$ cat data05.csv   # CSV, C-alpha atoms and all ligand atoms
chain,number,residue,atom,x,y,z
Z,172,MET,CA,-27.5,106.3,-95.9
Z,173,LYS,CA,-28.8,109.3,-94.0
Z,174,ILE,CA,-31.9,111.5,-94.2
Z,175,THR,CA,-30.8,115.0,-95.0
Z,176,ASN,CA,-34.0,116.8,-95.7
Z,177,ALA,CA,-37.8,116.4,-95.6
Z,178,TYR,CA,-40.6,118.7,-96.5
Z,179,VAL,CA,-44.4,118.8,-97.1
Z,180,ASN,CA,-46.2,120.0,-100.1
Z,181,ILE,CA,-49.9,120.9,-100.1
Z,182,CYS,CA,-51.5,121.2,-103.6
Z,183,SER,CA,-54.8,121.0,-105.2
Z,184,PRO,CA,-54.7,119.4,-108.7
Z,185,GLY,CA,-58.4,118.6,-108.9
Z,186,ARG,CA,-58.6,118.2,-105.1
Z,187,ASN,CA,-56.3,118.7,-102.1
Z,188,PHE,CA,-53.3,116.5,-101.4
Z,189,VAL,CA,-50.6,116.5,-98.7
Z,190,THR,CA,-47.4,115.0,-100.0
Z,191,LEU,CA,-44.2,114.3,-98.1
Z,192,LYS,CA,-40.8,114.2,-99.7
Z,193,ILE,CA,-37.8,112.7,-97.8
Z,194,GLU,CA,-34.3,113.2,-99.2
Z,195,THR,CA,-31.1,111.3,-98.5
Z,196,ASP,CA,-27.4,111.9,-98.7
Z,197,GLN,CA,-27.2,109.4,-101.6
Z,198,GLY,CA,-29.5,111.4,-103.9
Z,199,ILE,CA,-32.4,109.0,-103.5
Z,200,TYR,CA,-35.7,110.4,-102.3
Z,201,GLY,CA,-39.0,108.9,-101.1
Z,202,LEU,CA,-42.6,110.0,-101.4
Z,203,GLY,CA,-45.4,109.7,-98.9
Z,204,ASP,CA,-49.1,110.7,-98.8
Z,205,GLY,CA,-50.5,112.4,-95.7
Z,206,THR,CA,-53.9,113.5,-97.1
Z,207,LEU,CA,-56.7,113.6,-94.6
Z,208,ASN,CA,-59.8,114.8,-96.4
Z,209,GLY,CA,-61.1,118.1,-95.0
Z,210,ARG,CA,-58.3,118.2,-92.3
Z,211,GLU,CA,-55.2,118.5,-94.6
Z,212,LEU,CA,-53.4,121.3,-92.8
Z,213,ALA,CA,-53.5,119.6,-89.4
Z,214,VAL,CA,-51.4,116.6,-90.8
Z,215,ALA,CA,-49.1,119.0,-92.7
Z,216,SER,CA,-48.4,120.9,-89.4
Z,217,TYR,CA,-48.0,117.7,-87.4
Z,218,LEU,CA,-45.3,116.6,-89.9
Z,219,THR,CA,-43.5,119.9,-90.4
Z,220,ASP,CA,-43.6,121.2,-86.8
Z,221,HIS,CA,-43.2,118.0,-84.9
Z,222,VAL,CA,-42.1,115.0,-87.0
Z,223,LEU,CA,-39.7,116.1,-89.7
Z,224,PRO,CA,-37.1,117.7,-87.3
Z,225,CYS,CA,-36.7,114.2,-85.6
Z,226,LEU,CA,-35.9,112.5,-88.9
Z,227,ILE,CA,-32.8,114.4,-90.0
Z,228,GLY,CA,-29.7,112.3,-89.7
Z,229,ARG,CA,-31.5,109.0,-89.3
Z,230,ASP,CA,-30.9,105.9,-91.4
Z,231,PRO,CA,-34.0,105.6,-93.7
Z,232,PHE,CA,-33.5,101.8,-93.8
Z,233,GLN,CA,-34.6,101.5,-90.1
Z,234,ILE,CA,-38.3,101.6,-91.0
Z,235,GLU,CA,-39.6,99.7,-88.0
Z,236,ASP,CA,-37.5,101.6,-85.5
Z,237,ILE,CA,-38.6,105.0,-87.0
Z,238,TRP,CA,-42.2,103.9,-86.9
Z,239,GLN,CA,-42.0,103.0,-83.2
Z,240,TYR,CA,-40.1,106.2,-82.5
Z,241,LEU,CA,-42.9,108.3,-84.0
Z,242,TYR,CA,-45.7,106.2,-82.5
Z,243,ARG,CA,-44.5,105.3,-79.0
Z,244,GLY,CA,-42.1,108.3,-78.8
Z,245,ALA,CA,-44.8,110.9,-79.1
Z,246,TYR,CA,-46.4,109.5,-75.9
Z,247,TRP,CA,-49.9,110.5,-77.4
Z,248,ARG,CA,-51.1,107.6,-79.5
Z,249,ARG,CA,-53.3,106.9,-82.5
Z,250,GLY,CA,-55.9,109.3,-84.1
Z,251,PRO,CA,-56.2,110.1,-87.8
Z,252,VAL,CA,-53.9,113.1,-87.8
Z,253,THR,CA,-51.0,111.3,-86.0
Z,254,MET,CA,-51.4,108.1,-88.0
Z,255,SER,CA,-51.7,109.8,-91.4
Z,256,ALA,CA,-48.4,111.7,-90.6
Z,257,ILE,CA,-46.7,108.5,-89.5
Z,258,ALA,CA,-48.1,106.8,-92.7
Z,259,ALA,CA,-46.6,109.5,-94.9
Z,260,VAL,CA,-43.1,109.0,-93.4
Z,261,ASP,CA,-43.5,105.2,-93.6
Z,262,MET,CA,-44.5,105.2,-97.3
Z,263,ALA,CA,-41.5,107.5,-98.1
Z,264,LEU,CA,-39.1,105.1,-96.3
Z,265,TRP,CA,-40.4,102.0,-98.1
Z,266,ASP,CA,-40.0,104.0,-101.4
Z,267,ILE,CA,-36.4,104.9,-100.5
Z,268,LYS,CA,-35.5,101.3,-99.6
Z,269,GLY,CA,-37.0,99.9,-102.8
Z,270,LYS,CA,-35.1,102.5,-104.9
Z,271,ALA,CA,-31.9,101.9,-103.0
Z,272,LEU,CA,-32.2,98.1,-103.5
Z,273,HIS,CA,-33.5,98.4,-107.1
Z,274,THR,CA,-36.6,96.5,-106.4
Z,275,PRO,CA,-40.4,97.2,-106.3
Z,276,VAL,CA,-41.8,97.5,-102.8
Z,277,TYR,CA,-44.0,94.4,-103.2
Z,278,ASN,CA,-40.7,92.4,-103.2
Z,279,LEU,CA,-39.8,93.9,-99.8
Z,280,LEU,CA,-43.2,92.9,-98.4
Z,281,GLY,CA,-42.8,89.2,-99.3
Z,282,GLY,CA,-42.9,89.2,-103.1
Z,283,ARG,CA,-45.9,88.6,-105.4
Z,284,SER,CA,-48.8,86.5,-104.1
Z,285,ARG,CA,-50.8,87.2,-107.3
Z,286,GLN,CA,-50.5,88.5,-110.8
Z,287,GLY,CA,-53.1,91.2,-110.6
Z,288,VAL,CA,-55.1,93.1,-108.0
Z,289,MET,CA,-58.9,92.8,-108.5
Z,290,VAL,CA,-60.5,96.2,-108.1
Z,291,TYR,CA,-64.0,97.5,-107.7
Z,292,CYS,CA,-65.3,100.7,-109.3
Z,293,HIS,CA,-68.2,103.0,-108.5
Z,294,ALA,CA,-71.4,103.0,-110.5
Z,295,PHE,CA,-74.3,105.3,-109.5
Z,296,GLY,CA,-77.4,107.1,-110.7
Z,297,LYS,CA,-80.0,109.5,-109.5
Z,298,ASP,CA,-82.5,106.6,-109.7
Z,299,ILE,CA,-82.4,102.8,-110.4
Z,300,HIS,CA,-82.6,103.3,-114.2
Z,301,ALA,CA,-79.6,105.7,-114.3
Z,302,ALA,CA,-77.7,103.4,-111.9
Z,303,LEU,CA,-78.3,100.4,-114.3
Z,304,GLU,CA,-76.9,102.5,-117.2
Z,305,ASP,CA,-73.8,103.3,-115.2
Z,306,VAL,CA,-73.3,99.6,-114.2
Z,307,ALA,CA,-73.5,98.7,-117.9
Z,308,LYS,CA,-70.8,101.4,-118.7
Z,309,HIS,CA,-68.4,100.1,-116.1
Z,310,LYS,CA,-68.9,96.5,-117.1
Z,311,GLU,CA,-68.0,97.5,-120.6
Z,312,MET,CA,-64.8,99.1,-119.2
Z,313,GLY,CA,-63.7,95.7,-117.9
Z,314,TYR,CA,-64.5,95.9,-114.2
Z,315,ARG,CA,-65.4,92.6,-112.6
Z,316,ALA,CA,-66.6,94.1,-109.4
Z,317,ILE,CA,-68.9,97.1,-109.1
Z,318,ARG,CA,-70.1,99.2,-106.2
Z,319,VAL,CA,-73.7,100.4,-106.9
Z,320,GLN,CA,-75.3,103.4,-105.2
Z,321,SER,CA,-78.6,105.1,-106.3
Z,322,GLY,CA,-80.6,108.2,-105.3
Z,323,VAL,CA,-83.3,107.6,-102.7
Z,324,PRO,CA,-86.9,108.6,-103.5
Z,325,GLY,CA,-87.8,111.7,-101.5
Z,326,LEU,CA,-84.1,112.7,-100.7
Z,327,LYS,CA,-82.5,115.6,-102.7
Z,328,SER,CA,-79.0,114.1,-102.3
Z,329,THR,CA,-77.4,111.0,-101.0
Z,330,TYR,CA,-73.9,109.6,-100.4
Z,331,GLY,CA,-72.3,108.0,-103.4
Z,332,VAL,CA,-74.4,109.7,-106.1
Z,333,GLY,CA,-72.6,112.5,-108.0
Z,334,LYS,CA,-74.3,115.6,-109.4
Z,335,THR,CA,-73.1,114.7,-112.8
Z,336,THR,CA,-72.5,111.2,-114.2
Z,337,GLY,CA,-69.2,109.5,-114.3
Z,338,TYR,CA,-67.3,111.1,-111.4
Z,339,TYR,CA,-68.1,111.3,-107.7
Z,340,GLU,CA,-66.1,113.6,-105.5
Z,341,PRO,CA,-67.6,114.1,-102.0
Z,342,ALA,CA,-65.4,117.0,-100.7
Z,343,GLU,CA,-66.5,120.5,-101.8
Z,344,ARG,CA,-64.7,123.8,-101.7
Z,345,GLY,CA,-66.0,126.3,-99.2
Z,346,LEU,CA,-67.8,125.4,-96.0
Z,347,PRO,CA,-69.5,122.0,-95.6
Z,348,THR,CA,-72.6,121.3,-97.7
Z,349,GLU,CA,-75.6,119.8,-95.9
Z,350,TYR,CA,-77.1,116.6,-97.1
Z,351,GLU,CA,-80.5,115.2,-96.0
Z,352,TRP,CA,-81.2,111.7,-94.8
Z,353,GLU,CA,-84.1,109.4,-94.0
Z,354,THR,CA,-83.4,105.8,-93.1
Z,355,GLU,CA,-86.8,104.3,-93.9
Z,356,SER,CA,-86.8,105.5,-97.5
Z,357,TYR,CA,-83.3,104.3,-98.0
Z,358,LEU,CA,-84.0,100.8,-96.6
Z,359,ARG,CA,-87.1,100.5,-98.8
Z,360,SER,CA,-85.1,101.4,-102.0
Z,361,VAL,CA,-81.9,99.4,-101.8
Z,362,PRO,CA,-83.2,95.8,-102.1
Z,363,GLY,CA,-85.1,96.8,-105.3
Z,364,LEU,CA,-82.0,98.3,-106.7
Z,365,PHE,CA,-80.0,95.1,-106.3
Z,366,ALA,CA,-82.9,92.9,-107.5
Z,367,LYS,CA,-82.9,94.9,-110.7
Z,368,VAL,CA,-79.1,94.8,-111.1
Z,369,ARG,CA,-79.0,91.0,-110.7
Z,370,GLU,CA,-81.9,90.6,-113.1
Z,371,VAL,CA,-80.2,92.7,-115.8
Z,372,PHE,CA,-76.5,91.7,-115.3
Z,373,GLY,CA,-76.8,88.1,-113.9
Z,374,GLU,CA,-74.8,86.4,-111.2
Z,375,GLU,CA,-71.3,86.7,-112.6
Z,376,ILE,CA,-70.4,90.2,-111.6
Z,377,HIS,CA,-69.4,91.1,-108.0
Z,378,LEU,CA,-71.7,93.7,-106.5
Z,379,LEU,CA,-70.9,95.9,-103.5
Z,380,HIS,CA,-72.7,98.6,-101.6
Z,381,ASP,CA,-71.6,101.3,-99.2
Z,382,CYS,CA,-74.1,102.2,-96.3
Z,383,HIS,CA,-71.6,104.9,-95.2
Z,384,HIS,CA,-72.2,104.5,-91.4
Z,385,ARG,CA,-75.9,105.5,-91.6
Z,386,LEU,CA,-77.7,102.6,-90.0
Z,387,THR,CA,-78.2,101.2,-86.5
Z,388,PRO,CA,-77.1,97.6,-86.1
Z,389,ILE,CA,-80.7,96.3,-86.2
Z,390,GLU,CA,-81.4,98.3,-89.4
Z,391,ALA,CA,-78.2,97.0,-90.9
Z,392,ALA,CA,-79.2,93.5,-90.0
Z,393,ARG,CA,-82.5,94.0,-91.8
Z,394,LEU,CA,-80.8,95.3,-94.9
Z,395,GLY,CA,-78.2,92.5,-94.9
Z,396,LYS,CA,-81.0,89.9,-94.7
Z,397,GLU,CA,-83.1,91.5,-97.5
Z,398,LEU,CA,-80.0,91.6,-99.8
Z,399,GLU,CA,-79.1,87.9,-99.2
Z,400,PRO,CA,-80.8,86.7,-102.4
Z,401,PHE,CA,-78.6,89.0,-104.5
Z,402,HIS,CA,-75.3,87.6,-103.1
Z,403,LEU,CA,-73.4,90.9,-102.6
Z,404,PHE,CA,-69.6,90.8,-102.3
Z,405,TRP,CA,-70.1,93.0,-99.2
Z,406,ILE,CA,-72.1,95.8,-97.6
Z,407,GLU,CA,-69.7,98.4,-96.3
Z,408,ASP,CA,-69.8,100.5,-93.1
Z,409,PRO,CA,-73.3,99.4,-92.2
Z,410,THR,CA,-73.1,101.1,-88.8
Z,411,PRO,CA,-70.6,103.5,-87.1
Z,412,ALA,CA,-67.8,101.3,-85.7
Z,413,GLU,CA,-66.8,103.0,-82.5
Z,414,LEU,CA,-68.9,100.3,-80.7
Z,415,GLN,CA,-67.3,97.2,-82.2
Z,416,GLU,CA,-69.7,94.9,-80.6
Z,417,GLY,CA,-72.5,96.5,-82.5
Z,418,PHE,CA,-71.4,94.3,-85.4
Z,419,LYS,CA,-72.2,91.1,-83.4
Z,420,LEU,CA,-75.9,91.9,-83.8
Z,421,ILE,CA,-75.6,92.4,-87.5
Z,422,ARG,CA,-73.7,89.1,-87.8
Z,423,GLN,CA,-76.3,87.1,-85.9
Z,424,HIS,CA,-78.9,88.0,-88.5
Z,425,THR,CA,-77.3,87.9,-91.9
Z,426,THR,CA,-74.9,86.0,-94.2
Z,427,THR,CA,-74.3,89.1,-96.3
Z,428,PRO,CA,-70.5,89.8,-96.0
Z,429,ILE,CA,-69.5,92.9,-94.0
Z,430,ALA,CA,-66.7,95.3,-94.7
Z,431,VAL,CA,-65.5,98.1,-92.5
Z,432,GLY,CA,-62.5,100.3,-91.7
Z,433,GLU,CA,-61.9,103.2,-94.0
Z,434,VAL,CA,-61.9,105.6,-91.0
Z,435,PHE,CA,-59.8,103.3,-88.8
Z,436,ASN,CA,-56.3,104.3,-87.9
Z,437,SER,CA,-55.0,101.4,-86.0
Z,438,LEU,CA,-55.4,97.7,-85.4
Z,439,TRP,CA,-57.1,98.6,-82.1
Z,440,ASP,CA,-60.0,100.0,-84.0
Z,441,ALA,CA,-60.7,96.6,-85.5
Z,442,HIS,CA,-59.3,94.3,-82.8
Z,443,ASP,CA,-62.7,93.0,-81.5
Z,444,LEU,CA,-64.3,93.0,-85.0
Z,445,ILE,CA,-61.5,90.7,-86.3
Z,446,ARG,CA,-61.0,88.4,-83.4
Z,447,ASN,CA,-64.7,87.7,-83.0
Z,448,GLN,CA,-65.1,87.3,-86.8
Z,449,TRP,CA,-67.8,89.9,-86.9
Z,450,ILE,CA,-66.5,91.2,-90.3
Z,451,ASP,CA,-65.3,89.7,-93.5
Z,452,TYR,CA,-63.2,92.5,-95.0
Z,453,ILE,CA,-61.0,95.1,-93.3
Z,454,ARG,CA,-60.8,98.3,-95.3
Z,455,ALA,CA,-58.1,100.3,-93.4
Z,456,THR,CA,-55.8,102.2,-95.7
Z,457,VAL,CA,-52.1,102.7,-96.0
Z,458,VAL,CA,-52.5,106.5,-95.5
Z,459,HIS,CA,-54.9,106.6,-92.5
Z,460,ALA,CA,-53.6,103.5,-90.7
Z,461,GLY,CA,-50.0,104.2,-90.1
Z,462,GLY,CA,-48.5,103.2,-93.4
Z,463,LEU,CA,-47.4,99.9,-94.9
Z,464,THR,CA,-45.7,98.9,-91.6
Z,465,HIS,CA,-48.9,99.0,-89.6
Z,466,LEU,CA,-51.2,97.9,-92.4
Z,467,LYS,CA,-49.2,94.7,-92.8
Z,468,LYS,CA,-49.7,94.0,-89.1
Z,469,ILE,CA,-53.4,94.5,-89.4
Z,470,ALA,CA,-53.6,92.2,-92.4
Z,471,ASP,CA,-51.5,89.5,-90.7
Z,472,PHE,CA,-53.7,89.6,-87.6
Z,473,ALA,CA,-56.9,89.5,-89.8
Z,474,ASP,CA,-55.5,86.5,-91.7
Z,475,LEU,CA,-55.6,84.4,-88.6
Z,476,TYR,CA,-59.4,85.0,-88.4
Z,477,HIS,CA,-60.3,84.5,-92.1
Z,478,VAL,CA,-60.7,88.2,-92.6
Z,479,LYS,CA,-59.5,89.6,-95.9
Z,480,THR,CA,-58.5,93.1,-96.9
Z,481,GLY,CA,-60.4,95.6,-99.1
Z,482,CYS,CA,-58.4,98.8,-98.9
Z,483,HIS,CA,-60.2,102.1,-99.3
Z,484,GLY,CA,-59.1,103.7,-102.6
Z,485,ALA,CA,-61.2,106.9,-103.0
Z,486,THR,CA,-59.8,109.9,-104.8
Z,487,ASP,CA,-58.9,111.6,-101.5
Z,488,LEU,CA,-56.1,109.0,-101.2
Z,489,SER,CA,-53.4,110.4,-103.5
Z,490,PRO,CA,-51.7,108.4,-106.2
Z,491,VAL,CA,-48.8,107.9,-103.8
Z,492,SER,CA,-51.2,105.9,-101.5
Z,493,MET,CA,-52.7,104.1,-104.5
Z,494,ALA,CA,-49.3,103.0,-105.5
Z,495,ALA,CA,-48.4,101.8,-102.0
Z,496,ALA,CA,-51.8,100.0,-101.7
Z,497,LEU,CA,-51.2,98.1,-105.0
Z,498,HIS,CA,-47.7,96.9,-103.8
Z,499,PHE,CA,-49.4,95.8,-100.5
Z,500,ASP,CA,-52.3,94.1,-102.3
Z,501,THR,CA,-49.8,92.3,-104.7
Z,502,ALA,CA,-47.8,90.9,-101.8
Z,503,ILE,CA,-50.1,89.9,-98.9
Z,504,HIS,CA,-51.8,86.5,-98.8
Z,505,ASN,CA,-55.2,87.5,-97.5
Z,506,PHE,CA,-56.0,90.2,-100.1
Z,507,GLY,CA,-59.7,90.5,-100.9
Z,508,ILE,CA,-60.3,93.4,-103.3
Z,509,GLN,CA,-59.1,97.0,-103.8
Z,510,GLU,CA,-61.3,100.0,-104.3
Z,511,HIS,CA,-60.5,102.0,-107.5
Z,512,MET,CA,-61.9,105.5,-108.1
Z,513,PRO,CA,-59.8,107.0,-110.9
Z,514,HIS,CA,-58.2,110.4,-110.2
Z,515,ALA,CA,-58.8,113.5,-112.3
Z,516,ALA,CA,-56.4,114.0,-115.2
Z,517,GLU,CA,-54.8,117.0,-113.4
Z,518,THR,CA,-54.0,114.7,-110.4
Z,519,ASP,CA,-52.5,112.0,-112.6
Z,520,ALA,CA,-50.3,114.6,-114.4
Z,521,VAL,CA,-48.9,115.9,-111.0
Z,522,PHE,CA,-48.2,112.3,-109.8
Z,523,PRO,CA,-46.8,110.3,-112.8
Z,524,HIS,CA,-47.1,106.6,-111.8
Z,525,ALA,CA,-46.1,103.1,-113.0
Z,526,TYR,CA,-49.4,101.5,-111.8
Z,527,PHE,CA,-52.2,100.8,-114.4
Z,528,PHE,CA,-55.6,99.2,-114.9
Z,529,LYS,CA,-56.3,96.4,-117.3
Z,530,ASP,CA,-59.4,94.1,-117.7
Z,531,GLY,CA,-60.7,94.5,-114.1
Z,532,TYR,CA,-57.3,94.3,-112.4
Z,533,MET,CA,-54.7,96.8,-111.4
Z,534,TYR,CA,-50.9,96.3,-111.4
Z,535,PRO,CA,-48.3,98.2,-109.4
Z,536,GLY,CA,-45.7,98.2,-112.2
Z,537,ASP,CA,-42.1,97.0,-111.8
Z,538,LYS,CA,-40.2,100.3,-111.1
Z,539,PRO,CA,-38.0,100.3,-108.0
Z,540,GLY,CA,-39.7,101.6,-104.9
Z,541,LEU,CA,-43.4,102.6,-105.1
Z,542,GLY,CA,-43.1,103.6,-108.8
Z,543,ILE,CA,-44.5,107.0,-108.3
Z,544,ASP,CA,-43.2,110.5,-108.8
Z,545,PHE,CA,-44.2,114.1,-108.0
Z,546,ASP,CA,-44.0,117.0,-110.4
Z,547,GLU,CA,-43.5,119.9,-107.9
Z,548,LYS,CA,-43.4,122.5,-110.6
Z,549,LEU,CA,-46.7,121.5,-112.0
Z,550,ALA,CA,-48.1,121.1,-108.5
Z,551,SER,CA,-47.2,124.7,-107.7
Z,552,GLN,CA,-49.9,125.8,-110.2
Z,553,TYR,CA,-52.6,124.2,-108.1
Z,554,GLU,CA,-52.8,126.1,-104.8
Z,555,TYR,CA,-54.5,124.5,-101.8
Z,556,GLN,CA,-58.2,125.5,-101.3
Z,557,ARG,CA,-60.1,124.8,-98.2
Z,558,ALA,CA,-62.6,122.0,-98.8
Z,559,TYR,CA,-64.8,119.9,-96.5
Z,560,LEU,CA,-66.8,116.7,-96.6
Z,561,PRO,CA,-70.6,117.3,-96.3
Z,562,VAL,CA,-72.5,117.0,-93.1
Z,563,ASN,CA,-75.8,115.1,-92.9
Z,564,ARG,CA,-79.2,116.0,-91.2
Z,565,ARG,CA,-82.4,114.0,-90.9
Z,566,GLN,CA,-85.5,115.7,-92.4
Z,567,ASP,CA,-86.4,117.0,-88.9
Z,568,GLY,CA,-83.0,118.7,-88.6
Z,569,THR,CA,-81.1,116.3,-86.4
Z,570,LEU,CA,-77.5,116.0,-87.3
Z,571,THR,CA,-76.6,112.4,-88.2
Z,572,ASP,CA,-73.7,110.4,-89.7
Z,573,TRP,CA,-72.7,111.4,-93.2
D,601,LIG,C1,-65.5,105.0,-100.1
D,601,LIG,C2,-65.6,106.1,-99.1
D,601,LIG,C3,-65.4,107.5,-99.6
D,601,LIG,C4,-65.3,108.5,-98.4
D,601,LIG,C5,-64.3,109.5,-98.7
D,601,LIG,C6,-64.2,110.4,-97.5
D,601,LIG,O1,-65.9,104.0,-99.8
D,601,LIG,O2,-64.8,105.3,-101.1
D,601,LIG,O3,-66.8,105.9,-98.3
D,601,LIG,O4,-66.3,107.9,-100.6
D,601,LIG,O5,-66.6,109.0,-98.2
D,601,LIG,O6,-63.1,108.9,-99.0
D,601,LIG,O7,-63.1,111.2,-97.6
D,602,MG,MG,-66.9,103.8,-98.0
$ encode --input "data05.csv" --output "structure tokens" --more "lines below"
Ligand code: GCO
Ligand code: MG
Amino acid sequence: MKITNAYVNICSPGRNFVTLKIETDQGIYGLGDGTLNGRELAVASYLTDHVLPCLIGRDPFQIEDIWQYLYRGAYWRRGPVTMSAIAAVDMALWDIKGKALHTPVYNLLGGRSRQGVMVYCHAFGKDIHAALEDVAKHKEMGYRAIRVQSGVPGLKSTYGVGKTTGYYEPAERGLPTEYEWETESYLRSVPGLFAKVREVFGEEIHLLHDCHHRLTPIEAARLGKELEPFHLFWIEDPTPAELQEGFKLIRQHTTTPIAVGEVFNSLWDAHDLIRNQWIDYIRATVVHAGGLTHLKKIADFADLYHVKTGCHGATDLSPVSMAAALHFDTAIHNFGIQEHMPHAAETDAVFPHAYFFKDGYMYPGDKPGLGIDFDEKLASQYEYQRAYLPVNRRQDGTLTDW
């Protein structure tokens, strides 16, 4: 089999997505996701201008060799743009191989390790009362694990809390919006939120919380310690992770489990975190961390150190990535949990898919390959529109992590 053609589509059914299609001489095609929220066109150009010309004529079954060719062969390594582009190619090649062999991708990754993939959803509210109502709603929908975020007294907006109920989408069209931030008010409000959630909903439900890179290690240590009585499944991204040893300090002070990795793009971003057992869950994703080929290596390395996976699954990962993540989650042994933020109806219509949600679990479906398709005609009705993630400033005007 040979690759005969490959092209990138950028569309915006509800939000922007970068989709790669690779075609072969046997009529089989594969799909990959290269969406990098707020920087979509950079990945599209990296693919179109630099990667795709090198693919024509290659055997799509040689996934490892093509991965190494694109990674080592570029000389310049890593980075979110490069690794998202490589991921898009990698996903499409696994999709092609599955279709050619008439088997779902989870079979190529080792076969089923479990029946269903436990997912966590997002509940939020402008205050504790509204957040509790949203938790009740999501529990009713069947979720067994719920991430809870609430507005912080004194702040006009905060991460994870949508303007309307039910749907949270951080990227906005136009230039970046500015959010405001004050750590002390946040730290004062979070323990009260979880005390209340446990009081109302009991111990059975798994609870998660995303700090979205906003704390210093010692502040995160304080939060982790104060949340211990409420037995969270994890706190996520407690502190920016460029300094991996920052997590040592958090670890020394708290037994609240720690998850990190949605902005990572290679194993090297998590190498010290994993081998020192400073984290419990690695959240790298198939699209931003070099595709299934590299994510499998991250998971296998993490497995040696009792670290489980918890793949990022926000709406800025297209349904192609969600499909790939679910095959991965079904196959690997050290799966922990999968994030699930349902896409808008327009997105689902453009990407018909075999995966589905039932009673707190998701399933990749049994179609050959990734079990995902792309309706290019429908996609052409949704033109790309520039959109950015917000930026964040403290109340005195200092720019801080969003
Ligand atoms: C999450 C994430 C997202 C990111 C978004 C950025 O845990 O789901 O933190 O909400 O902010 O994916 O593009
Ligand atoms: Mg997050």
$ closest_residue --input "data05.csv" --among "Z:Val179, Z:Leu386, Z:Ala460, Z:Ile199" --to "Z:Ala213" --atoms "all atoms listed in the file"
Z:Val179
$ atom_distance --input "data05.csv" --atom1 "atom CA of Z:Glu311" --atom2 "atom CA of Z:Lys334"
22.2 Å
$ residues_around --input "data05.csv" --residues "stretch 512-520 of chain Z" --least-positions-apart "3" --cutoff "8 Å" --atoms "all atoms listed in the file" --output "number ranges by chain"
Z: 184-186, 292-293, 484-486, 490, 523-524, 546
$ closest_residue --input "data05.csv" --among "Z:Ile503, Z:Val434, Z:Val290, Z:Val189" --to "ligand LIG 601 (chain D)" --atoms "all atoms listed in the file"
Z:Val434
$ residues_around --input "data05.csv" --residues "Z:Thr464" --least-positions-apart "4" --cutoff "8 Å" --atoms "only C-alpha atoms" --output "list in words"
Ile234, Glu235, Trp238, Asp261 and Lys468 of chain Z
$ write_last_selection --input "data05.csv" --atoms "C-alpha atoms" --output "tab-separated table (two decimals), keeping the file's coordinate frame"
chain	number	residue	atom	x	y	z
Z	234	ILE	CA	-38.30	101.60	-91.00
Z	235	GLU	CA	-39.60	99.70	-88.00
Z	238	TRP	CA	-42.20	103.90	-86.90
Z	261	ASP	CA	-43.50	105.20	-93.60
Z	468	LYS	CA	-49.70	94.00	-89.10
$ residues_near_ligand --input "data05.csv" --ligand "ligand LIG 601 (chain D)" --cutoff "9 Å" --atoms "only C-alpha atoms and all ligand atoms" --output "JSON, numbers by chain"
{"Z": [207, 208, 209, 293, 330, 331, 339, 340, 341, 342, 380, 381, 382, 383, 384, 407, 408, 433, 434, 454, 483, 484, 485, 486, 487, 488, 510, 511, 512, 559, 560, 573]}
$ closest_residue --input "data05.csv" --among "Z:Gln320, Z:Asn278, Z:Asn447, Z:Ser492" --to "ligand MG 602 (chain D)" --atoms "all atoms listed in the file"
Z:Gln320
$ closest_residue --input "data05.csv" --among "Z:Val288, Z:Ala494, Z:Leu541, Z:Ile429" --to "Z:Phe506" --atoms "all atoms listed in the file"
Z:Val288
$ closest_residue --input "data05.csv" --among "Z:Arg422, Z:Arg243, Z:Lys327, Z:Arg318" --to "ligand MG 602 (chain D)" --atoms "all atoms listed in the file"
Z:Arg318
$ closest_residue --input "data05.csv" --among "Z:Glu554, Z:Asp220, Z:Asp230, Z:Asp204" --to "Z:Thr175" --atoms "only C-alpha atoms"
Z:Asp230
$ residues_around --input "data05.csv" --residues "stretch 254-256 of chain Z" --least-positions-apart "5" --cutoff "8 Å" --atoms "only C-alpha atoms" --output "list in words"
Asp204, Gly205, Thr206, Leu207, Val214, Ala215, Tyr217, Leu218, Val222, Arg249, Asn436, Ser437, Val458, His459, Ala460, Gly461 and Gly462 of chain Z
$ residues_around --input "data05.csv" --residues "Z:Ala392" --least-positions-apart "6" --cutoff "7 Å" --atoms "all atoms listed in the file" --output "PyMOL selection string"
chain Z and resi 421+424-425
$ residues_near_point --input "data05.csv" --point "(-83.5, 89.0, -92.8)" --cutoff "12 Å" --atoms "only C-alpha atoms" --output "tab-separated table (two decimals) with C-alpha atoms, in the frame of the given file"
chain	number	residue	atom	x	y	z
Z	362	PRO	CA	-83.20	95.80	-102.10
Z	389	ILE	CA	-80.70	96.30	-86.20
Z	390	GLU	CA	-81.40	98.30	-89.40
Z	391	ALA	CA	-78.20	97.00	-90.90
Z	392	ALA	CA	-79.20	93.50	-90.00
Z	393	ARG	CA	-82.50	94.00	-91.80
Z	394	LEU	CA	-80.80	95.30	-94.90
Z	395	GLY	CA	-78.20	92.50	-94.90
Z	396	LYS	CA	-81.00	89.90	-94.70
Z	397	GLU	CA	-83.10	91.50	-97.50
Z	398	LEU	CA	-80.00	91.60	-99.80
Z	399	GLU	CA	-79.10	87.90	-99.20
Z	400	PRO	CA	-80.80	86.70	-102.40
Z	421	ILE	CA	-75.60	92.40	-87.50
Z	422	ARG	CA	-73.70	89.10	-87.80
Z	423	GLN	CA	-76.30	87.10	-85.90
Z	424	HIS	CA	-78.90	88.00	-88.50
Z	425	THR	CA	-77.30	87.90	-91.90
Z	426	THR	CA	-74.90	86.00	-94.20
Z	427	THR	CA	-74.30	89.10	-96.30
$ atom_distance --input "data05.csv" --atom1 "atom CA of Z:Ala495" --atom2 "atom CA of Z:Asp266"
8.7 Å
